[in-house]
Each structure stands twice: as C-alpha cells, then as structure tokens.
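Data block for model-v4.cif (mmCIF, C-alpha atoms and all ligand atoms):
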data_my_file
#
loop_
_atom_site.label_atom_id
_atom_site.label_comp_id
_atom_site.auth_asym_id
_atom_site.auth_seq_id
_atom_site.Cartn_x
_atom_site.Cartn_y
_atom_site.Cartn_z
CA MET W 4 44.54 26.46 18.29
CA PRO W 5 47.23 26.21 20.92
CA PRO W 6 50.82 26.57 19.71
CA LYS W 7 52.52 23.30 18.84
CA LEU W 8 54.84 23.39 21.80
CA ASP W 9 55.31 19.63 21.70
CA GLU W 10 57.76 20.13 18.87
CA PHE W 11 60.25 21.70 21.20
CA GLN W 12 62.73 19.40 22.83
CA ILE W 13 64.28 20.92 25.89
CA SER W 14 67.57 19.70 27.22
CA CYS W 15 67.88 18.68 30.81
CA HIS W 16 69.38 20.97 33.43
CA ARG W 17 68.40 19.30 36.66
CA GLY W 18 69.55 20.79 39.91
CA ARG W 19 68.85 24.37 38.88
CA VAL W 20 65.20 24.32 39.76
CA THR W 21 65.27 26.95 42.45
CA GLU W 22 67.22 29.42 40.35
CA ALA W 23 64.95 28.79 37.38
CA THR W 24 61.88 29.43 39.49
CA ARG W 25 63.30 32.57 41.04
CA SER W 26 64.34 33.96 37.68
CA ALA W 27 60.82 33.25 36.42
CA SER W 28 59.58 36.00 38.68
CA PRO W 29 62.34 38.52 39.35
CA GLY W 30 59.94 41.18 40.58
CA GLY W 31 57.74 38.82 42.53
CA GLY W 32 54.76 39.23 40.19
CA THR W 33 53.30 36.79 37.70
CA PRO W 34 55.94 35.97 35.09
CA ASP W 35 55.16 36.22 31.39
CA GLU W 36 54.98 33.23 29.08
CA GLU W 37 58.60 33.50 28.00
CA GLN W 38 59.76 33.42 31.64
CA LEU W 39 57.62 30.35 32.33
CA VAL W 40 59.07 28.62 29.27
CA THR W 41 62.51 29.39 30.66
CA ALA W 42 61.46 27.99 34.05
CA LEU W 43 60.22 24.74 32.45
CA ARG W 44 63.43 24.45 30.47
CA GLY W 45 65.52 25.16 33.55
CA ALA W 46 63.71 22.40 35.42
CA GLY W 47 64.53 19.92 32.68
CA LEU W 48 60.93 19.48 31.55
CA ARG W 49 59.95 19.05 27.92
CA LEU W 50 57.80 21.99 26.88
CA THR W 51 54.18 21.05 26.15
CA ALA W 52 51.07 23.19 25.82
CA PRO W 53 49.36 21.55 28.86
CA ARG W 54 52.45 22.09 31.04
CA LEU W 55 52.76 25.74 30.07
CA THR W 56 49.02 26.38 30.45
CA ILE W 57 48.80 24.70 33.84
CA LEU W 58 51.95 26.37 35.16
CA THR W 59 50.50 29.72 34.06
CA GLU W 60 47.21 28.93 35.79
CA VAL W 61 48.91 27.99 39.06
CA TRP W 62 50.89 31.24 38.93
CA SER W 63 47.80 33.37 38.34
CA HIS W 64 45.53 31.54 40.81
CA PRO W 65 47.56 30.50 43.86
CA HIS W 66 46.10 27.66 45.95
CA ALA W 67 43.74 26.53 43.17
CA ASP W 68 42.46 22.96 43.40
CA VAL W 69 42.65 20.39 40.61
CA ASP W 70 39.08 21.00 39.39
CA THR W 71 39.71 24.72 39.00
CA ILE W 72 43.01 24.13 37.22
CA ALA W 73 41.44 21.51 34.92
CA ALA W 74 38.59 23.88 34.00
CA ALA W 75 41.08 26.62 33.13
CA ALA W 76 43.18 24.20 31.08
CA ARG W 77 40.10 23.04 29.13
CA ALA W 78 39.01 26.61 28.48
CA LYS W 79 42.39 27.26 26.88
CA LEU W 80 43.26 23.94 25.23
CA GLY W 81 39.97 22.19 24.57
CA SER W 82 39.67 18.64 25.85
CA VAL W 83 42.22 17.74 28.51
CA SER W 84 41.56 14.70 30.67
CA THR W 85 41.59 15.05 34.43
CA GLN W 86 44.28 12.37 34.52
CA ALA W 87 46.43 14.47 32.18
CA VAL W 88 46.01 17.44 34.51
CA TYR W 89 47.07 15.32 37.48
CA ASP W 90 50.07 14.06 35.52
CA VAL W 91 51.18 17.60 34.66
CA LEU W 92 50.69 18.80 38.24
CA ARG W 93 52.78 15.90 39.50
CA ALA W 94 55.56 16.57 36.97
CA LEU W 95 55.62 20.28 37.85
CA SER W 96 55.64 19.47 41.58
CA GLU W 97 58.44 16.93 41.24
CA ALA W 98 60.45 19.45 39.23
CA GLY W 99 60.05 21.97 42.05
CA LEU W 100 58.17 24.51 39.91
CA ILE W 101 55.00 24.29 41.95
CA ARG W 102 54.15 23.13 45.44
CA ARG W 103 51.28 20.92 46.53
CA ILE W 104 49.60 21.74 49.82
CA GLU W 105 46.83 19.77 51.43
CA PRO W 106 45.18 21.41 54.44
CA ALA W 107 43.13 18.94 56.50
CA GLY W 108 39.68 18.48 55.02
CA SER W 109 40.59 20.26 51.75
CA PRO W 110 41.41 18.81 48.35
CA ALA W 111 45.01 19.28 47.24
CA ARG W 112 45.88 22.84 46.26
CA PHE W 113 48.77 24.04 44.14
CA GLU W 114 50.87 27.18 44.20
CA ALA W 115 53.89 28.51 42.35
CA ARG W 116 55.43 30.14 45.39
CA VAL W 117 58.13 27.57 46.12
CA GLY W 118 61.54 27.55 47.72
CA ASP W 119 60.58 29.48 50.82
CA ASN W 120 59.14 28.33 54.11
CA HIS W 121 55.85 30.21 54.03
CA HIS W 122 52.79 28.92 55.79
CA HIS W 123 49.05 29.05 55.21
CA ILE W 124 45.99 30.36 56.97
CA VAL W 125 42.72 28.58 56.16
CA CYS W 126 39.18 29.83 56.73
CA ARG W 127 37.16 27.26 58.68
CA VAL W 128 33.94 28.40 56.99
CA CYS W 129 34.67 28.86 53.26
CA GLY W 130 38.09 27.21 52.93
CA ALA W 131 39.81 30.36 51.61
CA ILE W 132 43.60 30.08 51.86
CA ALA W 133 46.15 32.87 52.25
CA ASP W 134 49.93 32.88 52.53
CA VAL W 135 51.63 33.71 55.79
CA ASP W 136 55.31 34.51 55.58
CA CYS W 137 57.79 32.49 57.60
CA ALA W 138 58.02 34.15 61.01
CA VAL W 139 61.83 34.17 61.14
CA GLY W 140 62.61 34.37 57.39
CA ALA W 141 64.42 31.05 57.09
CA ARG W 142 63.59 27.37 57.31
CA PRO W 143 62.77 25.68 59.56
CA CYS W 144 60.54 28.45 60.79
CA LEU W 145 60.02 26.93 64.21
CA GLU W 146 62.52 25.55 66.68
CA ALA W 147 61.48 22.01 67.58
CA SER W 148 61.42 21.36 71.33
CA ASP W 149 62.87 17.89 70.61
CA THR W 150 64.44 17.01 67.24
CA HIS W 151 64.70 13.28 68.06
CA GLY W 152 68.04 13.43 66.28
CA PHE W 153 66.48 14.47 62.99
CA VAL W 154 68.04 17.18 60.83
CA ILE W 155 64.98 19.38 60.36
CA ASP W 156 64.67 21.35 57.11
CA GLU W 157 61.06 22.51 57.19
CA ALA W 158 58.29 23.40 59.58
CA GLU W 159 54.83 23.44 58.02
CA VAL W 160 52.32 25.47 59.96
CA THR W 161 48.62 25.78 59.18
CA TYR W 162 46.76 28.57 60.92
CA TRP W 163 42.99 28.10 61.13
CA GLY W 164 40.45 30.86 61.59
CA ILE W 165 37.60 32.83 60.03
CA CYS W 166 38.29 35.02 57.01
CA PRO W 167 37.00 38.62 56.82
CA ASP W 168 34.22 37.61 54.37
CA CYS W 169 32.93 34.93 56.75
CA ALA W 170 33.36 36.84 60.02
CA PRO W 171 30.09 37.92 61.58
CA ALA W 172 29.53 41.66 61.16
ZN ZN V 201 35.81 32.37 54.78
ZN ZN V 202 51.01 29.58 49.65
#

Show me the file's structure as structure tokens.
Amino acid sequence: MPPKLDEFQISCHRGRVTEATRSASPGGGTPDEEQLVTALRGAGLRLTAPRLTILTEVWSHPHADVDTIAAAARAKLGSVSTQAVYDVLRALSEAGLIRRIEPAGSPARFEARVGDNHHHIVCRVCGAIADVDCAVGARPCLEASDTHGFVIDEAEVTYWGICPDCAPA
C-alpha cells in the first residue's frame, strides 16, 4: 500500500520554485524522497502519492515519455489512469519542477533538470536523447542575429545525429 500522502495539506509558497528545485538536488544527483517532498511543498503543490511517485520517476529516468512514466507509476501505485498521469505531469511542469520537451517526431518527454538552458541531442535512428550543456553557461545560449525587438530569455537547440549504439561499426 502506498502511504496516505493525500492527508497532508501543504501551504503555498509560490515564486520559490527554482530554489526548491535546486535544494532538492544539492549535489546534482537524484534527491531522496524527503527532498522531493520538500520540492513539492516549495512549489506550492499538495502532496499526493501520484505526484511524489511521478516526480521520483522523472528524476530517475530523464527524458522518459508518458507511457514509460505511467508504467512506472502503475508498478508502484496500482491502477493509475493515463489521464491522471497527464494531469500530474502538467501540474509538475506548471510548477516548474519538471520540464516538458518535445523533439520533432517524438512524443513528449519529461525531465527534472530545470532552470538551466541546456539543450538536447537526439538519435535519428533510435530516438535516444542526451543532455548538452548550454554552450556559454547562461541563457539565452545563442545570440540571435535579429531579435525583432523581442527580449529573448531562452534559446532551445536540438542537435540531431546518430548515437554510439546506432552508429555503424
Ligand atoms: Zn540510436
Ligand atoms: Zn535534458
């Protein structure tokens, strides 16, 4: 049986999302459950078993798609509808705890590495995705040749190629 996390009522602390997320992983590794609870609380989200389970899954399997996340949630919690998984993913994304990426031709993927301007490299053959750090270390990573008067806060780059597993020997 999952813990009855629904009984917890967490007060709202909006606006501290980035700090909450950073403190969830001080060493850069996967945070433990207590740190993820703190991150949910810091983002102003009520603590529920599906939210904690799905946030944990996104942390441990970066760039997982919804089907993978739903399967992991069901393995831990029993029956969880796909719609419920989508709802949790949307709530976590809107709270800034996870980030949704959608490379062309791929279903949406989710990752817990937020608040930086990292990019992705995608294998054209198997669809494997890896993180690529921002080239200059700050957003926007790329200087636009023409800003059209916009104040630019992000440059999203997708590199495409062939991963080592798919490269011909
Ligand atoms: Zn590949
Ligand atoms: Zn990433």

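Here the question is which of W:Pro53, W:Gly140, W:Pro34, W:Gly130 gets nearest to W:Cys166 using all atoms listed in the file, and that residue is W:Gly130.
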
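For the pair atom CA of W:Arg116 and atom CA of W:Cys144, the separation is 16.3 Å.
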
Would you name the residues within 7 Å of ligand ZN 202 (chain V), counting all atoms listed in the file, and put them as number ranges by chain?
-> W: 65-66, 114, 116, 121-123, 133-134

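Summary of the local environment: counting all atoms listed in the file, residues at most 7 Å from stretch 99-112 of chain W, other than itself and those fewer than 2 positions away along its chain, are Val20, Thr24, His66, Ala67, Asp68, Val69, Leu95, Ser96, Glu97, Glu114, Ala115, Arg116 and Val117 of chain W.
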
Hey, which bits of chain W sit within 7 Å of ligand ZN 201 (chain V), and for each residue what's the closest pair of atoms and how far apart in Å (one decimal), counting only C-alpha atoms and all ligand atoms, rows by chain and increasing number, as CSV?
residue,atom,partner,partner_atom,distance
W:Cys126,CA,V:ZN201,ZN,4.6
W:Arg127,CA,V:ZN201,ZN,6.6
W:Val128,CA,V:ZN201,ZN,4.9
W:Cys129,CA,V:ZN201,ZN,4.0
W:Gly130,CA,V:ZN201,ZN,5.9
W:Ala131,CA,V:ZN201,ZN,5.5
W:Ile165,CA,V:ZN201,ZN,5.6
W:Cys166,CA,V:ZN201,ZN,4.3
W:Pro167,CA,V:ZN201,ZN,6.7
W:Asp168,CA,V:ZN201,ZN,5.5
W:Cys169,CA,V:ZN201,ZN,4.3

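Counting from atom CA of W:Pro171, the distance to atom CA of W:Ala138 is 28.2 Å.
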
Coordinates-based distance that separates atom CA of W:Ile132 from atom CA of W:Glu157 (Å, one decimal) = 19.8 Å

Enclose all atoms of stretch 134-142 of chain W listed in the file in an axis-aligned box, grow every side by 5 Å, and hand back centre and edge lengths in Å to one decimal, as JSON.
{"center_x": 57.2, "center_y": 30.9, "center_z": 56.8, "size_x": 24.5, "size_y": 17.1, "size_z": 18.6}

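Among W:Asn120, W:Thr56, W:Ser82, W:Ser63, the residue with the shortest atom-to-atom distance to W:Val160, counting only C-alpha atoms, is W:Asn120.
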
All residues 12 Å or closer to W:Leu39, all atoms listed in the file, same chain fewer than 2 positions away omitted, as an NGL selection string | :W and (23-29 or 33-37 or 41-46 or 48 or 50-52 or 54-63 or 95 or 100-101 or 115)

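Of the listed residues W:Trp163, W:Asp136, W:Ser148, W:Ala73, the one whose atoms come nearest to W:Val91 is W:Ala73, with distances taken using all atoms listed in the file.
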
Shell around W:Arg142 at 9 Å using all atoms listed in the file, local window under 3 positions removed, as a ChimeraX atom specification = /W:119-121,137,139,145,155-158
